[in-house]
Amino acid sequence: MKDFEFLHNVTIGQYLPTGSVIHRLHPATKMLAAGLLVTALIISATVSGLLLVLVLTGVGLKMGRIPIGYAARGIRSVVPIIILVAVLQILFATGSDSGRVLWEGWIIKLTPRDFLVAGTTALRLVVLVLVITFFTLCTASKELTHGSERLLRPLTRIGFPAHELAMVITVALRFLPILSVQAEHLVKAQASRGADFGKGRMGLFKRLYRMMPLLVPLFIASLRRGETLVLAMEARCYTGGKDRTQLMRFQAGRTDIIAICGTGLVVGLLLTMHYSRLDEIIWTWLN
Amino acid sequence: MNDPIVEIRNLGHVYMAGTPFARKSLDAVSLAVAEGEFIALIGPTGSGKSTILQHINGIYTPQTGSVRVLGRDLGEPGTDLTLLRREVGLVLQNPEQQVFERYVGDDVSFGPRMSGMSGKELTGRVRWAMDQVGLDFKTYKDRPTFALSGGERRKVGLAGVVALKPRILLLDEPTAGLDPAAHEELLECLARLRLQGTTMIMATHSMDDVAALAERVVVLDKGRAMLDGPVREIFSRADEIRSLGLELPVATAVVHELFGRGIGIRRDVLTLTEAEDAILVALGVRI
Ligand SMILES: Nc1ncnc2c1ncn2[C@@H]1O[C@H](COP(=O)(O)OP(=O)(O)OP(=O)(O)O)[C@@H](O)[C@H]1O
Ligand SMILES: [Mg+2]
């Protein structure tokens with residue numbers, strides 16, 4: 001392992017202020033849009049839909065003045081997971097498939113369809129990571145609190161702890177980069193004392209194996225970190241609840257309406273593609 | 001003079017290179033260290049001290065320029081950095097990062113264990129290392145590390161590195177946050193290790209530590225090496241030091257102040273005893 005700069009590759013959970021149109025959207029708009037998109041991506045996973053979202057995310061990043069290369073960097077760290085999932089899919093997913101069989105033996109049966117399914121899953125993970133990265137890159141943590149509070153406000157009437165939940169969401173998201181910094185420190189400390197992290201590139205499993213001794217200390221460190229956070233909040237007399245007033249006020253405007261409508265349209269398209277079985281049609285047509 | 005044990009040439013480093021957060025931390029730094037030297041790295045916050053140290057034990061490999069340590073080229077892909085790190089010990093700036101095992105004994109023994117030591121030899125080594133830094137073996141070996149005070153944690157961190165018996169010891173602000181007694185003890189410990197022939201490079205903000213221990217000072221500013229020379233000579237250039245936002249050792253500052261008030265006094269003074277002598281001479285009490 002050569003690169004001890006973990007944050008270098010973790011872009012999920014990072015915030016990149018550029019002051020663009022996208023950044024200036026109302027926090028609730030950004031959260032709603034991201035939430036809708038992610039839900040749509042989870043319900044429906046058509047290749048055509050995924051490609052559409054991929055392109056649109058690219059456009060969004062451009063509008064947000066976020067370097068696409070930087071946003072895409074975050075994918076690197078999930079590549080091992082994606083590959084693992086894809087391989088499992090190819091080997092063990094048994095589609096109700098009638099078509100050609102490429103190879104068969106033991107409990108494994110390979111069909112072209114398996115590859116399609118695996119490819120879709122991989123693409124879907126990539127797109128999900130990108131969309132969430134995009135969202136965090138253009139949303140500051142204080143906005144997250146405001147946004148989720150705003151979105152959950154209707155529920156406070158029935159006694160729902162909107163503010164508290166908002167806080168939990170915010171803290172959880174912001175913990176990701178902190179965790180990776182923590183991991184970086186730990187690896188540095190262990191490496192400095194002669195722990196063998198190998199040189200240069202390593203295979204996936206060897207790498208995972210080397211990571212094992214990190215997990216427990218990392219877990220403990222995060223617990224301690226959480227404890228410190230609680231102390232810091234208490235020291236500043238933090239109390240949640242509806243009586244809190246806000247320093248920053250956000251005003252929704254025309255761009256917000258446009259953004260929500262745009263997202264609604266995309267989500268509609270995605271669902272239509274899913275229910276009209278567009279992929280099936282293209283697939284049979286290709287065969 | 002013998003070949004330098006550490007040789008840094010035109011080393012440049014950018015954190016988070018290729019991202020919008022890129023930050024230049026080193027800018028063509030060159031530095032050669034002979035075996036047995038004690039070098040102090042000083043410079044304002046963010047001047048690149050920690051970054052240099054992490055290049056000397058191969059946590060970072062050179063992006064531009066070259067680093068040779070103990071005859072190995074760290075930029076070479078084939079260099080075994082794990083073996084190198086066992087000979088070049090680094091005590092990280094933050095003791096929270098340095099200590100990661102659950103019990104003090106386990107933590108101190110981590111390094112030797114990694115290099116394959118076990119049994120009686122290991123216990124002996126741990127006892128020796130804890131002795132060196134002034135931690136009582138019996139009292140501390142089974143202490144859980146989360147319950148250590150800041151100063152104790154610093155000592156445990158140092159012991160963990162000393163336990164490797166490194167040829168080069170890199171210290172990142174080793175005395176920060178210690179009470180006067182523990183501070184004194186630590187300086188003595190470093191002086192002892194020095195006598196055993198360990199080459200030391202210490203980053204610090206304490207000019208008195210520099211005066212007490214080092215023979216050579218390298219002054220960094222904004223990732224560049226501004227001054228490099230014997231301690232006495234560097235601290236006699238008071239104006240340059242101050243213009244970089246740094247202080248002089250207390251004793252040096254006092255005689256400079258007296259000189260500034262028109263008293264004819266020696267200014268190449270580093271320690272309090274030397275200052276006393278100089279003042280007595282200036283007063284004509286002793287010739
Ligand atoms: N992990 C990191 N990621 C990004 N930038 C960093 C990182 N570590 C340090 N930097 C930046 O690199 C520069 C040099 O940092 P470095 O830690 O080497 O300074 P230093 O001289 O040790 O400072 P201090 O006296 O405060 O410890 C600083 O501008 C710092 O902000
Ligand atoms: Mg530092």
# chains A, B, ... in the order shown; residues from 1 in each chain; ligands from 1

call {"tool": "interface_residues", "arguments": {"of": "chain B", "to": "chain A", "cutoff": "10 Å", "atoms": "only C-alpha atoms", "output": "PyMOL selection string"}}
result
chain B and resi 15-22+54+57-61+77-92+94-102+108-115+146+157+160-164+166

call {"tool": "residues_near_ligand", "arguments": {"ligand": "ligand 2", "cutoff": "10 Å", "atoms": "only C-alpha atoms and all ligand atoms", "output": "MDAnalysis selection string"}}
result
chainID B and resid 42:54 92:94 172:173 203:205

call {"tool": "write_last_selection", "arguments": {"atoms": "C-alpha atoms", "output": "PDB file, in the first residue's frame"}}
result
ATOM      1  CA  ILE B  42      11.650  24.175  13.240  1.00  0.00           C
ATOM      2  CA  GLY B  43       9.170  26.346  11.420  1.00  0.00           C
ATOM      3  CA  PRO B  44       5.747  27.880  11.818  1.00  0.00           C
ATOM      4  CA  THR B  45       2.619  25.749  11.857  1.00  0.00           C
ATOM      5  CA  GLY B  46       1.941  24.228   8.466  1.00  0.00           C
ATOM      6  CA  SER B  47       5.496  24.718   7.214  1.00  0.00           C
ATOM      7  CA  GLY B  48       5.895  21.043   6.329  1.00  0.00           C
ATOM      8  CA  LYS B  49       7.804  19.556   9.266  1.00  0.00           C
ATOM      9  CA  SER B  50       5.553  16.561   9.758  1.00  0.00           C
ATOM     10  CA  THR B  51       5.401  15.984   6.033  1.00  0.00           C
ATOM     11  CA  ILE B  52       9.196  15.768   5.775  1.00  0.00           C
ATOM     12  CA  LEU B  53       9.403  13.323   8.661  1.00  0.00           C
ATOM     13  CA  GLN B  54       6.806  11.095   7.019  1.00  0.00           C
ATOM     14  CA  LEU B  92       3.763  10.791  15.258  1.00  0.00           C
ATOM     15  CA  GLN B  93       2.784  14.270  16.309  1.00  0.00           C
ATOM     16  CA  ASN B  94      -0.473  13.236  17.898  1.00  0.00           C
ATOM     17  CA  ASP B 172       7.296  14.948  15.788  1.00  0.00           C
ATOM     18  CA  GLU B 173       6.891  17.418  18.628  1.00  0.00           C
ATOM     19  CA  ALA B 203      10.317  18.587  14.659  1.00  0.00           C
ATOM     20  CA  THR B 204       9.429  20.977  17.433  1.00  0.00           C
ATOM     21  CA  HIS B 205       8.079  24.359  18.431  1.00  0.00           C
TER      22      HIS B 205
END

call {"tool": "residues_around", "arguments": {"residues": "Gln89 of chain A", "least_positions_apart": "2", "cutoff": "8 Å", "atoms": "only C-alpha atoms", "output": "ChimeraX atom specification"}}
result
/A:85-87,91-93,114,117-118

call {"tool": "atom_distance", "arguments": {"atom1": "atom CA of Ile201 of chain B", "atom2": "atom CA of Val255 of chain B"}}
result
27.6 Å

call {"tool": "closest_residue", "arguments": {"among": "A:Ile178, A:Val171, A:Ile258, A:Ile12", "to": "ligand 1", "atoms": "only C-alpha atoms and all ligand atoms"}}
result
A:Ile178

call {"tool": "select_by_dssp", "arguments": {"residues": "segment 3-173 of chain A", "states": "helix (DSSP H, G or I)", "output": "PyMOL selection string"}}
result
chain A and resi 7-9+21-24+27-43+47-63+68-92+112-137+141-156+162-173

call {"tool": "residues_around", "arguments": {"residues": "Leu280 of chain B", "least_positions_apart": "4", "cutoff": "12 Å", "atoms": "only C-alpha atoms", "output": "PyMOL selection string"}}
result
chain B and resi 255+263-266+273-276+284-287

call {"tool": "select_by_dssp", "arguments": {"residues": "segment 29-247 of chain A", "states": "strand (DSSP E or B)", "output": "list in words"}}
result
Trp103, Glu104, Gly105, Ile108, Lys109 and Leu110 of chain A

call {"tool": "write_last_selection", "arguments": {"atoms": "N, CA and C atoms", "output": "tab-separated table (two decimals), in the first residue's frame"}}
result
chain	number	residue	atom	x	y	z
A	103	TRP	N	-21.66	-21.98	-20.40
A	103	TRP	CA	-20.86	-22.96	-19.68
A	103	TRP	C	-21.68	-23.51	-18.53
A	104	GLU	N	-21.58	-24.77	-18.28
A	104	GLU	CA	-22.35	-25.32	-17.19
A	104	GLU	C	-21.54	-26.37	-16.45
A	105	GLY	N	-21.63	-26.36	-15.13
A	105	GLY	CA	-20.92	-27.36	-14.35
A	105	GLY	C	-21.16	-27.10	-12.88
A	108	ILE	N	-22.92	-24.17	-11.12
A	108	ILE	CA	-22.77	-22.91	-11.84
A	108	ILE	C	-23.24	-23.04	-13.27
A	109	LYS	N	-24.02	-22.06	-13.69
A	109	LYS	CA	-24.50	-22.07	-15.06
A	109	LYS	C	-24.36	-20.66	-15.60
A	110	LEU	N	-23.55	-20.53	-16.62
A	110	LEU	CA	-23.31	-19.19	-17.15
A	110	LEU	C	-24.14	-18.94	-18.40

call {"tool": "atom_distance", "arguments": {"atom1": "atom CA of His146 of chain A", "atom2": "atom CA of Met31 of chain A"}}
result
10.2 Å

call {"tool": "residues_around", "arguments": {"residues": "segment 242-252 of chain B", "least_positions_apart": "3", "cutoff": "7 Å", "atoms": "only C-alpha atoms", "output": "list in words"}}
result
Gly43, Pro44, Met207, Asp208, Ala211, Phe235, Ala238, Asp239, Val255, His256, Arg267, Val269, Leu270, Thr271, Leu272 and Ala275 of chain B

call {"tool": "closest_residue", "arguments": {"among": "A:Ala259, A:Leu173, A:Leu32, A:Leu41", "to": "Leu152 of chain A", "atoms": "only C-alpha atoms"}}
result
A:Leu32

call {"tool": "closest_residue", "arguments": {"among": "B:Glu188, B:Ala40, B:Arg232, B:Glu7", "to": "Ser206 of chain B", "atoms": "only C-alpha atoms"}}
result
B:Ala40

call {"tool": "residues_around", "arguments": {"residues": "segment 260-277 of chain A", "least_positions_apart": "3", "cutoff": "9 Å", "atoms": "only C-alpha atoms", "output": "ChimeraX atom specification"}}
result
/A:29-30,32-34,36-37,39-41,43-46,48-50,52-53,255-257,280-282

call {"tool": "residues_around", "arguments": {"residues": "Val131 of chain A", "least_positions_apart": "2", "cutoff": "9 Å", "atoms": "only C-alpha atoms", "output": "PyMOL selection string"}}
result
chain A and resi 34+37-38+53-54+57+126-129+133-136

call {"tool": "atom_distance", "arguments": {"atom1": "atom 2 (C, counted along the ligand's line) of ligand 1", "atom2": "atom CA of Val181 of chain A"}}
result
8.9 Å

call {"tool": "closest_residue", "arguments": {"among": "A:Pro154, A:Gly74, A:Gly147, A:Pro177", "to": "ligand 1", "atoms": "only C-alpha atoms and all ligand atoms"}}
result
A:Pro177

call {"tool": "decode", "arguments": {"residues": "segment 75-87 of chain A", "atoms": "all heavy atoms", "output": "CSV table (one decimal), in the first residue's frame"}}
result
chain,number,residue,atom,x,y,z
A,75,ILE,N,-15.4,6.4,-6.8
A,75,ILE,CA,-15.8,5.1,-7.2
A,75,ILE,C,-14.7,4.1,-7.0
A,75,ILE,O,-15.0,3.0,-6.7
A,75,ILE,CB,-16.2,5.1,-8.7
A,75,ILE,CG1,-17.4,6.1,-8.9
A,75,ILE,CG2,-16.5,3.8,-9.3
A,75,ILE,CD1,-17.7,6.3,-10.4
A,76,ARG,N,-13.5,4.6,-7.1
A,76,ARG,CA,-12.3,3.7,-6.9
A,76,ARG,C,-12.4,2.9,-5.6
A,76,ARG,O,-12.1,1.7,-5.6
A,76,ARG,CB,-11.0,4.5,-6.8
A,76,ARG,CG,-10.5,5.0,-8.2
A,76,ARG,CD,-9.1,5.4,-8.0
A,76,ARG,NE,-8.9,6.6,-8.9
A,76,ARG,CZ,-7.8,7.3,-8.8
A,76,ARG,NH1,-6.9,7.1,-7.8
A,76,ARG,NH2,-7.6,8.3,-9.6
A,77,SER,N,-12.8,3.6,-4.6
A,77,SER,CA,-12.8,2.9,-3.3
A,77,SER,C,-13.9,1.8,-3.2
A,77,SER,O,-13.8,0.9,-2.3
A,77,SER,CB,-12.8,3.8,-2.1
A,77,SER,OG,-13.8,4.8,-2.4
A,78,VAL,N,-14.9,1.9,-4.0
A,78,VAL,CA,-15.9,0.8,-4.0
A,78,VAL,C,-15.8,-0.2,-5.1
A,78,VAL,O,-16.5,-1.2,-5.1
A,78,VAL,CB,-17.4,1.4,-4.0
A,78,VAL,CG1,-17.7,2.1,-2.7
A,78,VAL,CG2,-17.5,2.4,-5.2
A,79,VAL,N,-14.7,0.0,-5.9
A,79,VAL,CA,-14.5,-1.0,-7.0
A,79,VAL,C,-14.4,-2.4,-6.5
A,79,VAL,O,-15.1,-3.3,-7.1
A,79,VAL,CB,-13.3,-0.6,-7.8
A,79,VAL,CG1,-12.8,-1.7,-8.7
A,79,VAL,CG2,-13.7,0.6,-8.8
A,80,PRO,N,-13.7,-2.7,-5.4
A,80,PRO,CA,-13.6,-4.1,-5.0
A,80,PRO,C,-15.0,-4.6,-4.6
A,80,PRO,O,-15.3,-5.8,-5.0
A,80,PRO,CB,-12.8,-4.0,-3.7
A,80,PRO,CG,-12.0,-2.7,-3.8
A,80,PRO,CD,-12.8,-1.8,-4.6
A,81,ILE,N,-15.8,-3.9,-4.0
A,81,ILE,CA,-17.2,-4.3,-3.6
A,81,ILE,C,-18.0,-4.6,-4.9
A,81,ILE,O,-18.6,-5.7,-5.1
A,81,ILE,CB,-17.9,-3.3,-2.8
A,81,ILE,CG1,-17.1,-3.0,-1.5
A,81,ILE,CG2,-19.3,-3.8,-2.5
A,81,ILE,CD1,-17.7,-1.8,-0.7
A,82,ILE,N,-17.9,-3.7,-5.8
A,82,ILE,CA,-18.6,-3.8,-7.1
A,82,ILE,C,-18.2,-5.1,-7.8
A,82,ILE,O,-19.0,-5.9,-8.3
A,82,ILE,CB,-18.4,-2.6,-8.0
A,82,ILE,CG1,-19.1,-1.4,-7.3
A,82,ILE,CG2,-19.0,-2.8,-9.4
A,82,ILE,CD1,-18.9,-0.1,-8.1
A,83,ILE,N,-16.9,-5.3,-7.9
A,83,ILE,CA,-16.4,-6.5,-8.6
A,83,ILE,C,-16.9,-7.8,-7.9
A,83,ILE,O,-17.4,-8.7,-8.5
A,83,ILE,CB,-14.8,-6.5,-8.6
A,83,ILE,CG1,-14.4,-5.4,-9.6
A,83,ILE,CG2,-14.3,-7.9,-9.1
A,83,ILE,CD1,-12.9,-5.2,-9.6
A,84,LEU,N,-16.8,-7.8,-6.6
A,84,LEU,CA,-17.2,-8.9,-5.8
A,84,LEU,C,-18.7,-9.2,-6.1
A,84,LEU,O,-19.1,-10.4,-6.4
A,84,LEU,CB,-17.0,-8.6,-4.3
A,84,LEU,CG,-17.2,-9.8,-3.4
A,84,LEU,CD1,-16.0,-10.8,-3.5
A,84,LEU,CD2,-17.3,-9.4,-1.9
A,85,VAL,N,-19.5,-8.2,-6.0
A,85,VAL,CA,-20.9,-8.4,-6.2
A,85,VAL,C,-21.2,-8.9,-7.6
A,85,VAL,O,-22.0,-9.9,-7.9
A,85,VAL,CB,-21.7,-7.1,-6.0
A,85,VAL,CG1,-23.2,-7.2,-6.5
A,85,VAL,CG2,-21.7,-6.7,-4.5
A,86,ALA,N,-20.5,-8.3,-8.6
A,86,ALA,CA,-20.7,-8.7,-10.0
A,86,ALA,C,-20.3,-10.2,-10.2
A,86,ALA,O,-21.0,-10.9,-10.8
A,86,ALA,CB,-19.9,-7.8,-10.9
A,87,VAL,N,-19.2,-10.6,-9.6
A,87,VAL,CA,-18.7,-12.0,-9.8
A,87,VAL,C,-19.7,-12.9,-9.2
A,87,VAL,O,-20.1,-13.9,-9.8
A,87,VAL,CB,-17.3,-12.1,-9.2
A,87,VAL,CG1,-17.0,-13.6,-9.1
A,87,VAL,CG2,-16.3,-11.4,-10.0
